[in-house]
$ cat work_16.pdb   # PDB, C-alpha atoms
ATOM      1  CA  MET A1411     -77.555-114.290  46.597
ATOM      2  CA  PRO A1412     -78.074-117.805  45.170
ATOM      3  CA  GLY A1413     -79.422-118.203  41.635
ATOM      4  CA  SER A1414     -82.479-120.093  42.874
ATOM      5  CA  LEU A1415     -83.449-117.152  45.104
ATOM      6  CA  LEU A1416     -82.902-114.687  42.251
ATOM      7  CA  LEU A1417     -85.106-116.852  40.067
ATOM      8  CA  ALA A1418     -87.805-117.018  42.732
ATOM      9  CA  LEU A1419     -87.709-113.220  43.080
ATOM     10  CA  ALA A1420     -87.964-112.785  39.318
ATOM     11  CA  ARG A1421     -90.961-115.143  39.151
ATOM     12  CA  LEU A1422     -92.756-112.913  41.624
ATOM     13  CA  VAL A1423     -92.136-109.789  39.588
ATOM     14  CA  VAL A1424     -92.434-110.802  35.922
ATOM     15  CA  ASP A1425     -94.426-113.264  33.845
ATOM     16  CA  ALA A1426     -93.327-116.848  33.171
ATOM     17  CA  GLU A1427     -92.394-116.292  29.512
ATOM     18  CA  THR A1428     -90.113-113.376  30.373
ATOM     19  CA  VAL A1429     -88.470-115.439  33.114
ATOM     20  CA  ASN A1430     -87.991-118.286  30.672
ATOM     21  CA  ARG A1431     -86.573-116.185  27.836
ATOM     22  CA  LEU A1432     -84.643-113.453  29.651
ATOM     23  CA  VAL A1433     -83.989-114.157  33.309
ATOM     24  CA  GLU A1434     -83.188-117.886  33.264
ATOM     25  CA  PRO A1435     -80.546-117.617  30.485
ATOM     26  CA  THR A1436     -78.873-114.725  32.320
ATOM     27  CA  ILE A1437     -78.743-116.703  35.573
ATOM     28  CA  ALA A1438     -77.515-119.779  33.686
ATOM     29  CA  ASP A1439     -74.672-117.690  32.220
ATOM     30  CA  LEU A1440     -73.859-116.281  35.649
ATOM     31  CA  ARG A1441     -73.627-119.735  37.225
ATOM     32  CA  ARG A1442     -71.635-121.215  34.355
ATOM     33  CA  GLU A1443     -69.171-118.321  34.265
ATOM     34  CA  PHE A1444     -68.751-118.550  38.031
ATOM     35  CA  ALA A1445     -68.102-122.302  37.781
ATOM     36  CA  ASP A1446     -65.601-121.743  34.943
ATOM     37  CA  SER A1447     -63.753-118.923  36.701
ATOM     38  CA  GLY A1448     -61.385-121.357  38.431
ATOM     39  CA  THR A1449     -60.093-121.071  41.963
ATOM     40  CA  SER A1450     -58.938-117.455  41.797
ATOM     41  CA  ARG A1451     -60.929-115.471  44.328
ATOM     42  CA  ILE A1452     -60.679-112.295  42.246
ATOM     43  CA  GLY A1453     -61.790-114.133  39.119
ATOM     44  CA  ARG A1454     -64.801-115.628  40.886
ATOM     45  CA  MET A1455     -65.740-112.278  42.397
ATOM     46  CA  ALA A1456     -65.449-110.578  38.977
ATOM     47  CA  ALA A1457     -67.672-113.273  37.427
ATOM     48  CA  LEU A1458     -70.270-112.808  40.150
ATOM     49  CA  LEU A1459     -70.272-109.008  39.921
ATOM     50  CA  SER A1460     -70.582-108.900  36.140
ATOM     51  CA  GLY A1461     -73.290-111.585  36.278
ATOM     52  CA  TYR A1462     -75.305-109.721  38.888
ATOM     53  CA  ALA A1463     -74.904-106.441  36.986
ATOM     54  CA  ALA A1464     -76.218-108.137  33.836
ATOM     55  CA  LEU A1465     -79.139-109.640  35.726
ATOM     56  CA  TRP A1466     -80.207-106.333  37.265
ATOM     57  CA  ARG A1467     -79.973-104.659  33.877
ATOM     58  CA  VAL A1468     -82.246-107.349  32.470
ATOM     59  CA  MET A1469     -84.686-106.842  35.340
ATOM     60  CA  GLY A1470     -84.564-103.075  34.764
ATOM     61  CA  ALA A1471     -85.237-103.516  31.050
ATOM     62  CA  VAL A1472     -88.126-105.888  31.751
ATOM     63  CA  SER A1473     -89.709-103.495  34.263
ATOM     64  CA  LEU A1474     -89.265-100.559  31.905
ATOM     65  CA  ARG A1475     -90.812-102.511  29.039
ATOM     66  CA  ALA A1476     -93.809-103.471  31.180
ATOM     67  CA  THR A1477     -94.274 -99.828  32.140
ATOM     68  CA  LEU A1478     -93.858 -98.505  28.597
ATOM     69  CA  ARG A1479     -96.354-101.085  27.338
ATOM     70  CA  ALA A1480     -98.972 -99.302  29.416
ATOM     71  CA  PHE A1481     -98.360 -96.186  27.303
ATOM     72  CA  HIS A1482     -98.285 -98.026  23.966
ATOM     73  CA  PRO A1483    -100.906 -96.569  21.563
ATOM     74  CA  VAL A1484    -101.924 -99.997  20.209
ATOM     75  CA  GLU A1485    -101.759-102.012  23.413
ATOM     76  CA  PHE A1486    -103.043 -99.094  25.479
ATOM     77  CA  ASP A1487    -105.175-100.225  28.360
ATOM     78  CA  LEU A1488    -106.744 -97.585  30.595
ATOM     79  CA  ARG A1489    -106.586 -99.672  33.774
ATOM     80  CA  SER A1490    -102.961-100.529  33.185
ATOM     81  CA  PHE A1491    -102.175 -96.893  32.375
ATOM     82  CA  VAL A1492    -103.862 -95.641  35.543
ATOM     83  CA  TYR A1493    -101.888 -98.178  37.533
ATOM     84  CA  HIS A1494     -98.467 -97.618  35.945
ATOM     85  CA  ALA A1495     -98.409 -93.945  34.961
ATOM     86  CA  PRO A1496     -97.884 -92.405  38.406
ATOM     87  CA  TRP A1497     -95.031 -94.763  39.289
ATOM     88  CA  VAL A1498     -92.531 -93.369  36.772
ATOM     89  CA  PRO A1499     -92.256 -89.763  38.076
ATOM     90  CA  LEU A1500     -92.975 -90.904  41.625
ATOM     91  CA  GLY A1501     -90.169 -93.462  41.521
ATOM     92  CA  ILE A1502     -87.657 -90.936  40.165
ATOM     93  CA  PHE A1503     -88.767 -88.331  42.699
ATOM     94  CA  LEU A1504     -88.565 -90.759  45.624
ATOM     95  CA  VAL A1505     -85.065 -91.955  44.775
ATOM     96  CA  VAL A1506     -83.728 -88.392  44.301
ATOM     97  CA  PHE A1507     -85.510 -87.034  47.355
ATOM     98  CA  MET A1508     -84.740 -89.950  49.656
ATOM     99  CA  TRP A1509     -81.100 -89.945  48.586
ATOM    100  CA  GLN A1510     -80.767 -86.398  49.971
ATOM    101  CA  LEU A1511     -82.018 -87.655  53.322
ATOM    102  CA  LEU A1512     -80.564 -91.134  53.570
ATOM    103  CA  ALA A1513     -77.671 -91.300  51.077
ATOM    104  CA  TRP A1514     -76.052 -94.755  51.149
ATOM    105  CA  SER A1515     -78.490 -96.029  53.806
ATOM    106  CA  LEU A1516     -80.995 -96.139  50.973
ATOM    107  CA  ILE A1517     -79.304 -99.206  49.453
ATOM    108  CA  PRO A1518     -79.679-101.593  52.456
ATOM    109  CA  MET A1519     -83.173-100.181  52.933
ATOM    110  CA  ALA A1520     -84.087-100.930  49.342
ATOM    111  CA  LEU A1521     -82.642-104.454  49.560
ATOM    112  CA  ALA A1522     -84.487-105.105  52.823
ATOM    113  CA  GLY A1523     -87.647-103.757  51.206
ATOM    114  CA  LEU A1524     -87.249-106.057  48.218
ATOM    115  CA  ILE A1525     -86.745-109.147  50.385
ATOM    116  CA  PHE A1526     -89.604-108.107  52.653
ATOM    117  CA  ALA A1527     -91.960-107.458  49.740
ATOM    118  CA  ALA A1528     -91.125-110.778  48.065
ATOM    119  CA  THR A1529     -91.599-112.637  51.372
ATOM    120  CA  VAL A1530     -94.948-111.082  52.172
ATOM    121  CA  ARG A1531     -96.152-111.590  48.585
ATOM    122  CA  ARG A1532     -95.150-115.250  48.640
ATOM    123  CA  TRP A1533     -96.803-115.771  52.015
ATOM    124  CA  ASN A1534     -99.968-114.088  50.810
ATOM    125  CA  THR A1535    -100.075-116.257  47.678
ATOM    126  CA  ARG A1536     -99.983-119.373  49.820
ATOM    127  CA  HIS A1537    -102.275-118.063  52.562
ATOM    128  CA  PRO A1538    -104.618-115.451  51.036
ATOM    129  CA  ALA A1539    -105.907-113.026  53.665
ATOM    130  CA  ARG A1540    -109.670-113.031  54.098
ATOM    131  CA  LEU A1541    -109.746-109.340  54.875
ATOM    132  CA  ALA A1542    -112.269-107.056  53.255
ATOM    133  CA  VAL A1543    -110.108-105.128  50.796
ATOM    134  CA  PRO A1544    -111.104-102.153  48.657
ATOM    135  CA  LYS A1545    -111.789-102.697  44.967
ATOM    136  CA  ARG A1546    -108.512-102.388  43.118
ATOM    137  CA  VAL A1547    -107.563-101.054  39.742
ATOM    138  CA  VAL A1548    -105.376-104.114  39.101
ATOM    139  CA  GLU A1549    -106.159-107.796  39.255
ATOM    140  CA  PRO A1550    -104.667-109.799  42.158
ATOM    141  CA  ALA A1551    -102.396-111.650  39.724
ATOM    142  CA  SER A1552    -100.818-108.306  38.775
ATOM    143  CA  LEU A1553    -100.003-107.278  42.328
ATOM    144  CA  GLY A1554     -96.331-108.134  41.901
ATOM    145  CA  ILE A1555     -94.484-107.202  45.068
ATOM    146  CA  ASN A1556     -96.297-103.947  45.740
ATOM    147  CA  VAL A1557     -96.594-104.279  49.502
ATOM    148  CA  ALA A1558     -99.248-101.588  49.722
ATOM    149  CA  LEU A1559    -101.591-103.799  47.675
ATOM    150  CA  VAL A1560    -100.875-107.147  49.364
ATOM    151  CA  PRO A1561    -103.492-107.704  52.081
ATOM    152  CA  VAL A1562    -102.389-109.216  55.374
ATOM    153  CA  SER A1563    -104.354-109.811  58.559
ATOM    154  CA  GLY A1564    -103.675-110.542  62.231
ATOM    155  CA  ASN A1565    -101.620-113.688  61.621
ATOM    156  CA  ALA A1566     -98.144-114.645  60.380
ATOM    157  CA  GLY A1567     -98.633-112.339  57.381
ATOM    158  CA  GLY A1568     -99.186-109.408  59.718
ATOM    159  CA  LEU A1569     -96.087-110.401  61.690
ATOM    160  CA  ILE A1570     -93.990-110.471  58.485
ATOM    161  CA  PHE A1571     -95.424-107.071  57.554
ATOM    162  CA  MET A1572     -94.580-105.554  60.936
ATOM    163  CA  THR A1573     -91.061-106.977  61.261
ATOM    164  CA  GLY A1574     -90.257-106.118  57.637
ATOM    165  CA  SER A1575     -91.446-102.531  58.040
ATOM    166  CA  LEU A1576     -89.464-102.162  61.273
ATOM    167  CA  ALA A1577     -86.323-103.600  59.667
ATOM    168  CA  ILE A1578     -86.519-101.128  56.759
ATOM    169  CA  LEU A1579     -87.022 -98.146  59.059
ATOM    170  CA  MET A1580     -84.259 -99.194  61.449
ATOM    171  CA  LEU A1581     -81.786 -99.660  58.587
ATOM    172  CA  GLY A1582     -82.524 -96.211  57.207
ATOM    173  CA  LEU A1583     -83.046 -94.353  60.470
ATOM    174  CA  PRO A1584     -81.065 -96.138  63.199
ATOM    175  CA  VAL A1585     -81.676 -93.178  65.513
ATOM    176  CA  LEU A1586     -85.307 -94.351  65.775
ATOM    177  CA  ALA A1587     -84.358 -97.892  66.811
ATOM    178  CA  VAL A1588     -85.309 -97.447  70.482
ATOM    179  CA  PHE A1589     -88.580 -95.705  69.636
ATOM    180  CA  LEU A1590     -89.539 -98.322  67.058
ATOM    181  CA  THR A1591     -88.696-101.202  69.395
ATOM    182  CA  LEU A1592     -90.807 -99.663  72.156
ATOM    183  CA  ALA A1593     -93.634 -99.033  69.691
ATOM    184  CA  ALA A1594     -93.532-102.657  68.534
ATOM    185  CA  LEU A1595     -93.482-103.957  72.094
ATOM    186  CA  SER A1596     -96.402-101.664  72.991
ATOM    187  CA  GLY A1597     -98.343-102.987  70.010
ATOM    188  CA  VAL A1598     -97.697-106.581  71.071
ATOM    189  CA  ALA A1599     -98.794-105.703  74.631
ATOM    190  CA  VAL A1600    -102.048-104.103  73.397
ATOM    191  CA  ALA A1601    -102.755-107.126  71.190
ATOM    192  CA  ALA A1602    -102.104-109.520  74.080
ATOM    193  CA  ALA A1603    -104.407-107.463  76.320
ATOM    194  CA  LEU A1604    -107.166-107.565  73.670
ATOM    195  CA  PHE A1605    -106.837-111.336  73.254
ATOM    196  CA  ALA A1606    -106.948-111.784  77.031
ATOM    197  CA  TRP A1607    -110.012-109.545  77.297
ATOM    198  CA  HIS A1608    -111.827-111.527  74.594
ATOM    199  CA  ALA A1609    -110.885-114.809  76.292
ATOM    200  CA  VAL A1610    -112.181-113.621  79.707
ATOM    201  CA  THR A1611    -115.404-111.934  78.534
ATOM    202  CA  GLY A1612    -116.157-114.365  75.699
ATOM    203  CA  HIS A1613    -116.937-111.338  73.533
ATOM    204  CA  THR A1614    -116.773-112.018  69.800
ATOM    205  CA  PRO A1615    -116.285-108.994  67.565
ATOM    206  CA  GLN A1616    -118.867-108.417  64.820
ATOM    207  CA  PRO A1617    -117.579-109.586  61.430
ATOM    208  CA  GLY A1618    -117.918-106.144  59.810
ATOM    209  CA  SER A1619    -116.344-104.137  62.628
ATOM    210  CA  PRO A1620    -112.688-103.046  62.678
ATOM    211  CA  LEU A1621    -111.967-105.480  65.533
ATOM    212  CA  GLY A1622    -113.747-108.209  63.610
ATOM    213  CA  ARG A1623    -111.469-107.651  60.643
ATOM    214  CA  LEU A1624    -108.410-107.834  62.866
ATOM    215  CA  ALA A1625    -109.615-111.034  64.506
ATOM    216  CA  ARG A1626    -110.037-112.968  61.263
TER     217      ARG A1626
ATOM    218  CA  MET B1448     -96.243-104.601   1.140
ATOM    219  CA  SER B1449     -96.705-101.578   3.374
ATOM    220  CA  GLU B1450     -93.739 -99.776   4.919
ATOM    221  CA  SER B1451     -94.479-101.309   8.321
ATOM    222  CA  ASP B1452     -94.174-104.837   6.833
ATOM    223  CA  ILE B1453     -90.604-104.302   5.633
ATOM    224  CA  PRO B1454     -88.215-106.162   7.954
ATOM    225  CA  ARG B1455     -85.974-103.818   9.905
ATOM    226  CA  LEU B1456     -82.534-104.676  11.157
ATOM    227  CA  PRO B1457     -80.883-102.342  13.674
ATOM    228  CA  ALA B1458     -77.106-102.581  14.094
ATOM    229  CA  LYS B1459     -77.106-104.810  17.195
ATOM    230  CA  GLU B1460     -79.627-107.214  15.706
ATOM    231  CA  ARG B1461     -77.575-107.405  12.519
ATOM    232  CA  LEU B1462     -74.413-108.075  14.519
ATOM    233  CA  ILE B1463     -76.099-110.959  16.356
ATOM    234  CA  LEU B1464     -77.365-112.455  13.096
ATOM    235  CA  GLU B1465     -73.853-112.168  11.630
ATOM    236  CA  LEU B1466     -72.370-113.952  14.640
ATOM    237  CA  LEU B1467     -74.977-116.697  14.430
ATOM    238  CA  ALA B1468     -74.931-117.102  10.659
ATOM    239  CA  GLY B1469     -73.559-120.426   9.490
ATOM    240  CA  ALA B1470     -72.372-121.402  12.926
ATOM    241  CA  GLU B1471     -73.367-123.799  15.656
ATOM    242  CA  PRO B1472     -76.085-122.548  17.998
ATOM    243  CA  LYS B1473     -74.640-120.131  20.545
ATOM    244  CA  PHE B1474     -75.663-118.852  23.950
ATOM    245  CA  GLY B1475     -75.819-115.182  24.983
ATOM    246  CA  LEU B1476     -72.530-114.925  26.855
ATOM    247  CA  GLN B1477     -70.731-116.545  23.919
ATOM    248  CA  LEU B1478     -72.124-113.862  21.587
ATOM    249  CA  VAL B1479     -70.988-111.137  24.006
ATOM    250  CA  GLN B1480     -67.474-112.593  24.115
ATOM    251  CA  GLU B1481     -67.271-112.851  20.318
ATOM    252  CA  SER B1482     -68.575-109.334  19.726
ATOM    253  CA  ASP B1483     -65.445-107.530  20.998
ATOM    254  CA  GLY B1484     -67.420-105.373  23.387
ATOM    255  CA  ARG B1485     -70.141-104.379  20.939
ATOM    256  CA  LEU B1486     -72.745-106.473  22.763
ATOM    257  CA  LYS B1487     -73.370-106.142  26.506
ATOM    258  CA  ARG B1488     -74.358-108.906  28.885
ATOM    259  CA  GLY B1489     -77.243-106.915  30.301
ATOM    260  CA  THR B1490     -78.919-106.400  26.947
ATOM    261  CA  VAL B1491     -77.979-109.388  24.808
ATOM    262  CA  TYR B1492     -80.935-111.532  25.906
ATOM    263  CA  VAL B1493     -83.331-108.606  25.500
ATOM    264  CA  THR B1494     -82.125-108.222  21.899
ATOM    265  CA  LEU B1495     -82.252-111.989  21.295
ATOM    266  CA  ASN B1496     -85.789-112.031  22.666
ATOM    267  CA  ARG B1497     -86.752-109.282  20.209
ATOM    268  CA  LEU B1498     -85.133-111.191  17.348
ATOM    269  CA  GLU B1499     -87.075-114.289  18.350
ATOM    270  CA  ASP B1500     -90.317-112.293  18.386
ATOM    271  CA  LYS B1501     -89.528-111.094  14.849
ATOM    272  CA  GLY B1502     -88.866-114.669  13.740
ATOM    273  CA  TYR B1503     -85.197-114.056  12.879
ATOM    274  CA  VAL B1504     -83.795-116.511  15.443
ATOM    275  CA  THR B1505     -84.990-119.568  17.267
ATOM    276  CA  SER B1506     -83.860-120.944  20.600
ATOM    277  CA  HIS B1507     -83.854-124.064  22.713
ATOM    278  CA  GLN B1508     -82.420-125.071  26.055
ATOM    279  CA  GLU B1509     -79.221-127.106  25.962
ATOM    280  CA  THR B1510     -79.482-130.723  27.035
ATOM    281  CA  PRO B1511     -78.649-130.871  30.745
ATOM    282  CA  VAL B1512     -75.382-132.664  31.413
ATOM    283  CA  PRO B1513     -75.754-135.280  34.166
ATOM    284  CA  GLY B1514     -74.161-133.968  37.355
ATOM    285  CA  ALA B1515     -73.906-130.378  36.084
ATOM    286  CA  ILE B1516     -75.050-127.641  38.443
ATOM    287  CA  GLY B1517     -77.282-124.712  37.554
ATOM    288  CA  LEU B1518     -79.826-124.029  34.894
ATOM    289  CA  PRO B1519     -79.296-125.263  31.340
ATOM    290  CA  ARG B1520     -78.322-122.442  28.995
ATOM    291  CA  ARG B1521     -80.456-121.238  26.101
ATOM    292  CA  LEU B1522     -78.906-121.721  22.672
ATOM    293  CA  TYR B1523     -79.802-119.525  19.707
ATOM    294  CA  SER B1524     -79.577-120.068  15.971
ATOM    295  CA  THR B1525     -80.848-118.169  12.932
ATOM    296  CA  THR B1526     -84.032-119.137  11.142
ATOM    297  CA  GLY B1527     -84.306-119.269   7.359
ATOM    298  CA  PHE B1528     -86.178-115.964   7.454
ATOM    299  CA  GLY B1529     -83.463-114.399   9.626
ATOM    300  CA  SER B1530     -80.766-115.562   7.206
ATOM    301  CA  ARG B1531     -82.666-114.077   4.251
ATOM    302  CA  VAL B1532     -83.168-110.754   6.055
ATOM    303  CA  LEU B1533     -79.456-110.611   6.869
ATOM    304  CA  TRP B1534     -78.540-111.465   3.277
ATOM    305  CA  ALA B1535     -80.890-108.766   1.954
ATOM    306  CA  TRP B1536     -79.499-106.105   4.269
ATOM    307  CA  THR B1537     -75.899-107.057   3.545
ATOM    308  CA  THR B1538     -76.539-106.978  -0.216
ATOM    309  CA  LEU B1539     -78.267-103.621   0.067
ATOM    310  CA  ALA B1540     -75.396-102.194   2.130
ATOM    311  CA  GLN B1541     -72.833-103.447  -0.424
ATOM    312  CA  GLN B1542     -74.774-101.972  -3.336
ATOM    313  CA  LEU B1543     -75.125 -98.628  -1.577
ATOM    314  CA  ALA B1544     -71.422 -98.625  -0.765
ATOM    315  CA  THR B1545     -70.600 -99.357  -4.437
ATOM    316  CA  GLU B1546     -72.853 -96.566  -5.712
ATOM    317  CA  VAL B1547     -71.525 -94.030  -3.232
TER     318      VAL B1547
END
$ encode --input "work_16.pdb" --output "structure tokens"
Amino acid sequence: MPGSLLLALARLVVDAETVNRLVEPTIADLRREFADSGTSRIGRMAALLSGYAALWRVMGAVSLRATLRAFHPVEFDLRSFVYHAPWVPLGIFLVVFMWQLLAWSLIPMALAGLIFAATVRRWNTRHPARLAVPKRVVEPASLGINVALVPVSGNAGGLIFMTGSLAILMLGLPVLAVFLTLAALSGVAVAAALFAWHAVTGHTPQPGSPLGRLAR
Amino acid sequence: MSESDIPRLPAKERLILELLAGAEPKFGLQLVQESDGRLKRGTVYVTLNRLEDKGYVTSHQETPVPGAIGLPRRLYSTTGFGSRVLWAWTTLAQQLATEV
């Protein structure tokens, strides 16, 4: 994964100062060590692996610090606590539980999920969905790459959401590939039929109705 | 001065200050390499960041070399306060060692 992509991912997840003081120096070291590792393939691979390991440890430390800050007695903030507190046990539980079911398939799934979440978040930042969304505990700027909180509508954002979700499920549960493909095709067919029906009848959904939300 | 105002210096922070003391500014990987395995790549910048927050070290990005690829590295050096804290801790440790 190129350093520029790693940096872009980090900018989506953590604040600018943390990127500047922790993530950028780690990536700079990674690139410099890789460049200095000569022509030996093993040497270059070792430089890359140790650099990536360092970077993920930094990202882990940053995430942990952000979570612990929510529990800090001085900096305690109820909204932040309500948002962060459930994720710690839930995250541990999900990894342990899902590992029993999926074992090593969990790793490509998690990577696909990370790329998907960063993509949909970036798309949403550039093209904010005009959907009616429920009042959230967190501010939009704090959404990070939590896909469940990033609103998308019936446009390219929705397409990214659907293909990303399908890719994650197919990587983890390849046995469902046929079912998921058929389900996606059925969904596309229903959408096409709805568009055709609206075009023929000239019917415009009411703005507040479920169809109206989809049509925006 | 209350107890919370007294500067604290955990082992890793002290090691970094020792490596930086009286030397040219260094970047994180350089400190890891000079520490003989006592500092890890994944945590060195976290510790340096903490030291910077405490005012013990200061940092700046190296001047980009024309034609060089990648991000410029961040170079760290001790502040006057950091040097005094290190001196105080070293003196205290020596006195304790003498008395024991």
$ resolve_selection --input "work_16.pdb" --expression "the ChimeraX specification (/B :<10) & /A" --output "PyMOL selection string"
chain A and resi 1413-1414+1428+1430-1443+1445+1460-1472
$ atom_distance --input "work_16.pdb" --atom1 "atom CA of Ala1520 of chain A" --atom2 "atom CA of Ala1457 of chain A"
23.7 Å
$ atom_distance --input "work_16.pdb" --atom1 "atom CA of Leu1590 of chain A" --atom2 "atom CA of Leu1576 of chain A"
6.9 Å
$ atom_distance --input "work_16.pdb" --atom1 "atom CA of Asp1500 of chain B" --atom2 "atom CA of Arg1485 of chain B"
21.8 Å
$ axis_aligned_box --input "work_16.pdb" --around "segment 1501-1516 of chain A" --padding-each-side "8 Å" --output "AutoDock Vina command-line options"
--center_x -83.1 --center_y -91.3 --center_z 47.0 --size_x 30.1 --size_y 25.7 --size_z 29.6
$ closest_residue --input "work_16.pdb" --among "B:Thr1526, B:Glu1471, B:Leu1478, B:Leu1486" --to "Lys1459 of chain B" --atoms "only C-alpha atoms"
B:Leu1486
$ resolve_selection --input "work_16.pdb" --expression "the PyMOL selection byres ((chain B and resi 1456) around 8)" --output "count of residues only"
9
$ resolve_selection --input "work_16.pdb" --expression "the PyMOL selection byres ((chain A and resi 1577) around 12)" --output "PyMOL selection string"
chain A and resi 1518-1526+1570-1576+1578-1584+1586-1587+1590-1591+1594
